[in-house]
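Just structure36.txt here, compact mmCIF, C-alpha atoms:
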```txt
# COMPACT_ATOMS: atom_id res chain seq x y z
CA ALA Z 1176 -68.20 -107.76 239.94
CA ALA Z 1177 -69.30 -111.36 239.23
CA ARG Z 1178 -72.55 -110.85 241.11
CA GLU Z 1179 -73.26 -107.64 239.19
CA ALA Z 1180 -72.41 -109.23 235.83
CA GLY Z 1181 -74.69 -112.17 236.60
CA ARG Z 1182 -77.52 -109.88 237.58
CA ALA Z 1183 -77.07 -107.84 234.38
CA ALA Z 1184 -77.14 -111.05 232.32
CA GLY Z 1185 -80.18 -112.38 234.17
CA VAL Z 1186 -78.19 -115.29 235.60
CA GLU Z 1187 -78.62 -116.44 239.17
CA LEU Z 1188 -75.26 -117.01 240.84
CA THR Z 1189 -74.14 -118.45 244.13
CA LEU Z 1190 -70.66 -117.15 244.92
CA TRP Z 1191 -68.22 -118.43 247.53
CA ASN Z 1192 -65.07 -116.67 248.60
CA GLY Z 1193 -62.30 -119.15 249.26
CA GLY Z 1194 -59.70 -121.43 247.80
CA SER Z 1195 -59.42 -125.03 246.70
CA ASP Z 1196 -59.13 -126.17 250.33
CA ASP Z 1197 -62.66 -124.84 250.89
CA LEU Z 1198 -64.31 -127.10 248.30
CA THR Z 1199 -66.96 -129.30 249.93
CA PRO Z 1200 -69.56 -131.74 248.58
CA GLY Z 1201 -72.34 -129.40 249.74
CA MET Z 1202 -71.34 -126.88 247.10
CA GLY Z 1203 -72.38 -129.13 244.23
CA PRO Z 1204 -73.37 -130.77 242.21
CA PHE Z 1205 -71.80 -129.01 239.25
CA ARG Z 1206 -71.75 -130.05 235.61
CA LEU Z 1207 -68.65 -128.01 234.80
CA VAL Z 1208 -65.93 -126.43 236.93
CA THR Z 1209 -63.63 -123.94 235.19
CA MET Z 1210 -60.27 -122.55 236.26
CA GLY Z 1211 -58.26 -119.85 234.54
CA ARG Z 1212 -54.51 -119.98 235.17
CA SER Z 1213 -54.94 -121.02 238.79
CA PHE Z 1214 -54.57 -124.80 239.00
CA HIS Z 1215 -50.78 -124.59 239.39
CA TRP Z 1216 -51.25 -122.78 242.72
CA MET Z 1217 -53.28 -125.62 244.21
CA ASP Z 1218 -52.51 -129.01 245.66
CA ARG Z 1219 -53.60 -130.43 242.32
CA ALA Z 1220 -54.17 -134.06 243.38
CA GLU Z 1221 -56.17 -133.01 246.45
CA THR Z 1222 -58.21 -130.50 244.44
CA LEU Z 1223 -59.14 -133.17 241.90
CA THR Z 1224 -60.23 -135.48 244.71
CA ARG Z 1225 -62.42 -132.72 246.15
CA LEU Z 1226 -63.87 -131.93 242.72
CA ASP Z 1227 -64.68 -135.61 242.20
CA ALA Z 1228 -67.13 -135.28 245.10
CA ILE Z 1229 -68.94 -132.22 243.70
CA ILE Z 1230 -68.96 -132.71 239.92
CA GLU Z 1231 -71.91 -134.76 238.73
CA PRO Z 1232 -71.57 -137.90 236.59
CA GLY Z 1233 -70.90 -136.81 233.02
CA GLY Z 1234 -69.46 -133.53 234.32
CA ALA Z 1235 -66.09 -132.04 233.48
CA ILE Z 1236 -63.31 -129.67 234.45
CA ALA Z 1237 -61.96 -127.04 232.06
CA LEU Z 1238 -58.54 -125.52 232.68
CA PHE Z 1239 -57.79 -122.41 230.65
CA HIS Z 1240 -54.32 -121.19 229.78
CA ASP Z 1241 -52.51 -119.16 227.17
CA GLU Z 1242 -49.25 -119.52 225.32
CA HIS Z 1243 -47.35 -116.91 223.40
CA PRO Z 1244 -45.28 -118.10 220.46
CA ARG Z 1245 -41.86 -116.56 220.00
CA THR Z 1246 -42.66 -113.95 217.38
CA ALA Z 1247 -41.48 -110.41 216.70
CA GLU Z 1248 -44.95 -109.20 217.67
CA ASN Z 1249 -44.65 -110.76 221.12
CA ARG Z 1250 -41.34 -109.03 221.89
CA TRP Z 1251 -43.25 -106.92 224.45
CA ARG Z 1252 -43.52 -110.09 226.60
CA ASP Z 1253 -39.74 -110.43 226.70
CA VAL Z 1254 -39.47 -106.76 227.68
CA MET Z 1255 -42.15 -107.19 230.36
CA ASN Z 1256 -40.40 -110.29 231.76
CA GLU Z 1257 -36.96 -108.61 231.70
CA VAL Z 1258 -38.30 -105.69 233.76
CA ALA Z 1259 -40.19 -108.06 236.09
CA ASP Z 1260 -37.00 -110.13 236.56
CA ARG Z 1261 -35.18 -106.98 237.73
CA TYR Z 1262 -37.84 -106.71 240.43
CA GLY Z 1263 -37.36 -110.28 241.62
CA ARG Z 1264 -39.70 -112.29 239.35
CA GLY Z 1265 -36.93 -114.71 238.37
CA ASN Z 1266 -36.22 -115.52 242.03
CA GLU Z 1267 -39.80 -116.57 242.78
CA PRO Z 1268 -40.06 -120.19 243.98
CA ALA Z 1269 -43.19 -120.70 241.84
CA ILE Z 1270 -41.24 -119.80 238.68
CA SER Z 1271 -38.32 -122.07 239.61
CA GLU Z 1272 -40.67 -124.93 240.52
CA ARG Z 1273 -42.42 -124.85 237.13
CA LYS Z 1274 -39.07 -124.91 235.33
CA SER Z 1275 -37.88 -127.89 237.38
CA PRO Z 1276 -37.59 -131.29 235.64
CA GLU Z 1277 -39.71 -132.75 238.46
CA TYR Z 1278 -42.65 -130.44 237.75
CA ARG Z 1279 -45.66 -132.45 236.58
CA SER Z 1280 -47.99 -131.09 233.94
CA HIS Z 1281 -51.67 -130.53 234.61
CA ALA Z 1282 -52.42 -133.32 232.14
CA SER Z 1283 -50.45 -135.82 234.22
CA TYR Z 1284 -52.56 -135.01 237.30
CA LEU Z 1285 -55.77 -135.20 235.31
CA LEU Z 1286 -54.83 -138.53 233.74
CA ALA Z 1287 -54.31 -139.94 237.25
CA SER Z 1288 -57.70 -138.65 238.43
CA ALA Z 1289 -61.36 -139.48 237.89
CA PHE Z 1290 -61.29 -136.89 235.07
CA ASN Z 1291 -58.92 -138.74 232.77
CA VAL Z 1292 -60.50 -138.28 229.33
CA LEU Z 1293 -58.72 -135.19 228.02
CA GLU Z 1294 -59.43 -132.92 225.10
CA ALA Z 1295 -57.84 -129.59 224.24
CA VAL Z 1296 -59.66 -126.86 222.35
CA SER Z 1297 -57.52 -124.00 221.17
CA VAL Z 1298 -57.66 -120.83 219.14
CA ILE Z 1299 -54.84 -118.48 218.11
CA VAL Z 1300 -55.61 -114.78 218.27
CA ARG Z 1301 -53.85 -111.63 217.17
CA LYS Z 1302 -54.85 -108.35 218.76
CA PRO Z 1303 -53.41 -104.89 219.31
CA MET Z 1304 -52.31 -103.96 222.82
CA SER Z 1305 -51.61 -100.68 224.55
CA VAL Z 1306 -48.81 -100.00 227.02
CA ASP Z 1307 -51.51 -99.74 229.71
CA GLU Z 1308 -52.72 -103.27 228.83
CA VAL Z 1309 -49.17 -104.63 229.08
CA LEU Z 1310 -48.76 -102.92 232.45
CA GLY Z 1311 -52.10 -104.36 233.59
CA ARG Z 1312 -51.01 -107.83 232.46
CA ALA Z 1313 -47.74 -107.53 234.37
CA LEU Z 1314 -49.48 -106.36 237.54
CA SER Z 1315 -52.01 -109.21 237.31
CA MET Z 1316 -49.24 -111.79 237.72
CA SER Z 1317 -48.55 -112.96 241.25
CA THR Z 1318 -44.81 -112.49 240.74
CA CYS Z 1319 -45.12 -108.74 240.20
CA SER Z 1320 -48.50 -107.86 241.70
CA PRO Z 1321 -48.92 -104.51 243.45
CA GLU Z 1322 -48.87 -106.39 246.77
CA LYS Z 1323 -45.60 -108.09 245.87
CA LEU Z 1324 -43.99 -104.88 244.58
CA GLY Z 1325 -45.12 -102.78 247.54
CA SER Z 1326 -43.26 -99.48 247.63
CA ARG Z 1327 -41.50 -100.37 244.35
CA LEU Z 1328 -44.77 -100.28 242.37
CA GLY Z 1329 -44.22 -96.77 240.98
CA ALA Z 1330 -40.66 -97.56 239.94
CA PHE Z 1331 -41.78 -100.81 238.28
CA GLU Z 1332 -44.47 -99.00 236.32
CA SER Z 1333 -42.01 -96.28 235.22
CA ASP Z 1334 -39.36 -98.83 234.23
CA LEU Z 1335 -41.83 -100.92 232.22
CA ARG Z 1336 -43.25 -97.88 230.44
CA ALA Z 1337 -39.72 -96.68 229.62
CA ALA Z 1338 -38.68 -100.12 228.36
CA LEU Z 1339 -41.72 -100.26 226.07
CA ALA Z 1340 -41.32 -96.67 224.82
CA GLY Z 1341 -40.46 -96.58 221.17
CA SER Z 1342 -41.80 -100.07 220.59
CA GLY Z 1343 -44.42 -98.66 218.29
CA GLU Z 1344 -47.71 -100.48 217.98
CA LEU Z 1345 -47.87 -103.46 220.31
CA THR Z 1346 -49.48 -106.70 219.17
CA GLU Z 1347 -50.25 -109.89 221.03
CA ILE Z 1348 -50.31 -113.27 219.35
CA ALA Z 1349 -51.62 -115.87 221.77
CA GLY Z 1350 -52.79 -119.45 221.72
CA LEU Z 1351 -55.79 -119.67 224.06
CA THR Z 1352 -56.50 -123.21 225.18
CA ALA Z 1353 -59.14 -124.99 227.23
CA LEU Z 1354 -57.99 -128.36 228.55
CA ILE Z 1355 -61.23 -130.25 229.14
CA ALA Z 1356 -61.12 -133.25 231.46
CA ARG Z 1357 -64.11 -135.59 231.63
CA ARG Z 1358 -64.91 -138.78 233.45
CA PRO Z 1359 -64.60 -141.95 231.30
```
Now, as a test, write the supplied structure out as structure tokens.
Amino acid sequence: AAREAGRAAGVELTLWNGGSDDLTPGMGPFRLVTMGRSFHWMDRAETLTRLDAIIEPGGAIALFHDEHPRTAENRWRDVMNEVADRYGRGNEPAISERKSPEYRSHASYLLASAFNVLEAVSVIVRKPMSVDEVLGRALSMSTCSPEKLGSRLGAFESDLRAALAGSGELTEIAGLTALIARRP
């Protein structure tokens, strides 16, 4: 999909399939490396060391994330999480780890790295959502992905649709943030 989108936009892309452990100096140099809701899955200190070797002087890292304020409009998120918890989401080690007092923020890792000049750029959006979009969002999370749910996928989908039935028009209010980390 990325290759096709690049071709359609007239952009030449070099794509690698792999994870943070596969980063090597030969891949660079890059001016900017971006990550969307993935940094928490990596050995963050090691990944920053590897990126230091492939990001050019004056280059940066941008970590993207979203936050959802507790609003009546975002009630669908509570419903989605309640259903996901019934299917084991709450027992996931990754969820427990991030709620632990020992869990370090991304900013703390960045401040201890070569990319320790931090800036956050954020926008708050409000947009309508469909039940299908909420289901897609739920299934995109590692804690309730189709692979994780396995044979329970159909039941999960039915339960989430039933829990959202009667909710009326769904709306998402989200703060979308890019945490930009540059070299000093």
What's around Z:Gly1325 at 12 Å? Count all atoms listed in the file, leave out sequence neighbours fewer than 6 positions away in its own chain, and write the answer as a compact mmCIF listing (two decimals) with C-alpha atoms, in the coordinates of the input.
```txt
# COMPACT_ATOMS: atom_id res chain seq x y z
CA TYR Z 1262 -37.84 -106.71 240.43
CA LEU Z 1314 -49.48 -106.36 237.54
CA THR Z 1318 -44.81 -112.49 240.74
CA CYS Z 1319 -45.12 -108.74 240.20
CA PHE Z 1331 -41.78 -100.81 238.28
CA GLU Z 1332 -44.47 -99.00 236.32
```
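Between atom CA of Z:Pro1303 and atom CA of Z:Ser1342 the separation is 12.6 Å.
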Just to confirm, what's the straight-line distance from atom CA of Z:Phe1290 to atom CA of Z:Glu1277 in Å (one decimal)? 22.2 Å
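If all atoms listed in the file are the atoms counted, then among Z:Gly1185, Z:Pro1232, Z:Gly1193, Z:Gly1311 the closest residue to Z:Arg1336 is Z:Gly1311.
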For stretch 1246-1261 of chain Z, list every protein, DNA or RNA residue within 7 Å, evaluated using all atoms listed in the file, and leave out those in the same chain fewer than 5 positions away; present the list as an mmCIF file with C-alpha atoms, keeping the file's coordinate frame.
```
data_model
loop_
_atom_site.group_PDB
_atom_site.id
_atom_site.type_symbol
_atom_site.label_atom_id
_atom_site.label_comp_id
_atom_site.auth_asym_id
_atom_site.auth_seq_id
_atom_site.Cartn_x
_atom_site.Cartn_y
_atom_site.Cartn_z
ATOM 1 C CA ALA Z 1313 -47.740 -107.530 234.370
ATOM 2 C CA CYS Z 1319 -45.120 -108.740 240.200
ATOM 3 C CA ASP Z 1334 -39.360 -98.830 234.230
ATOM 4 C CA LEU Z 1335 -41.830 -100.920 232.220
ATOM 5 C CA ALA Z 1338 -38.680 -100.120 228.360
ATOM 6 C CA LEU Z 1345 -47.870 -103.460 220.310
ATOM 7 C CA THR Z 1346 -49.480 -106.700 219.170
ATOM 8 C CA GLU Z 1347 -50.250 -109.890 221.030
ATOM 9 C CA ILE Z 1348 -50.310 -113.270 219.350
#
```
Interatomic distance between atom CA of Z:Ile1299 and atom CA of Z:Tyr1284? 25.4 Å
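Using all atoms listed in the file for every distance, the candidate list Z:Gly1350, Z:Gly1234, Z:Gly1181, Z:Gly1194 yields Z:Gly1234 as the residue closest to Z:Leu1207.
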Could you tell me which of Z:Leu1226, Z:Ala1183, Z:Val1296, Z:Val1306 comes closest to Z:Asp1197 if we count only C-alpha atoms?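 Of all the options, Z:Leu1226 lies closest to Z:Asp1197.
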Could you produce a table of the residues of stretch 1286-1345 of chain Z lying within 10 Å of stretch 1210-1224 of chain Z, with the nearest pair of atoms per residue and their separation in Å rounded to one decimal, using all atoms listed in the file, ordered by chain and increasing residue number, as CSV?
```
residue,atom,partner,partner_atom,distance
Z:Ala1287,CA,Z:Ala1220,CA,8.5
Z:Ser1288,CA,Z:Leu1223,CA,6.6
Z:Ala1289,CA,Z:Leu1223,CA,7.8
Z:Phe1290,CA,Z:Leu1223,CA,8.1
```
Closest of Z:Ala1295, Z:Leu1286, Z:Ala1228, Z:Leu1339 to Z:Thr1352 - atom-to-atom distances counting only C-alpha atoms: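 Selected residue with least distance to Z:Thr1352: Z:Ala1295.
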Calculated over all atoms listed in the file, which of the candidates Z:Leu1238, Z:Ala1356, Z:Met1202, Z:Ala1184 has the smallest distance to Z:Leu1293?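 Ranked by minimum distance to Z:Leu1293, first place goes to Z:Ala1356.
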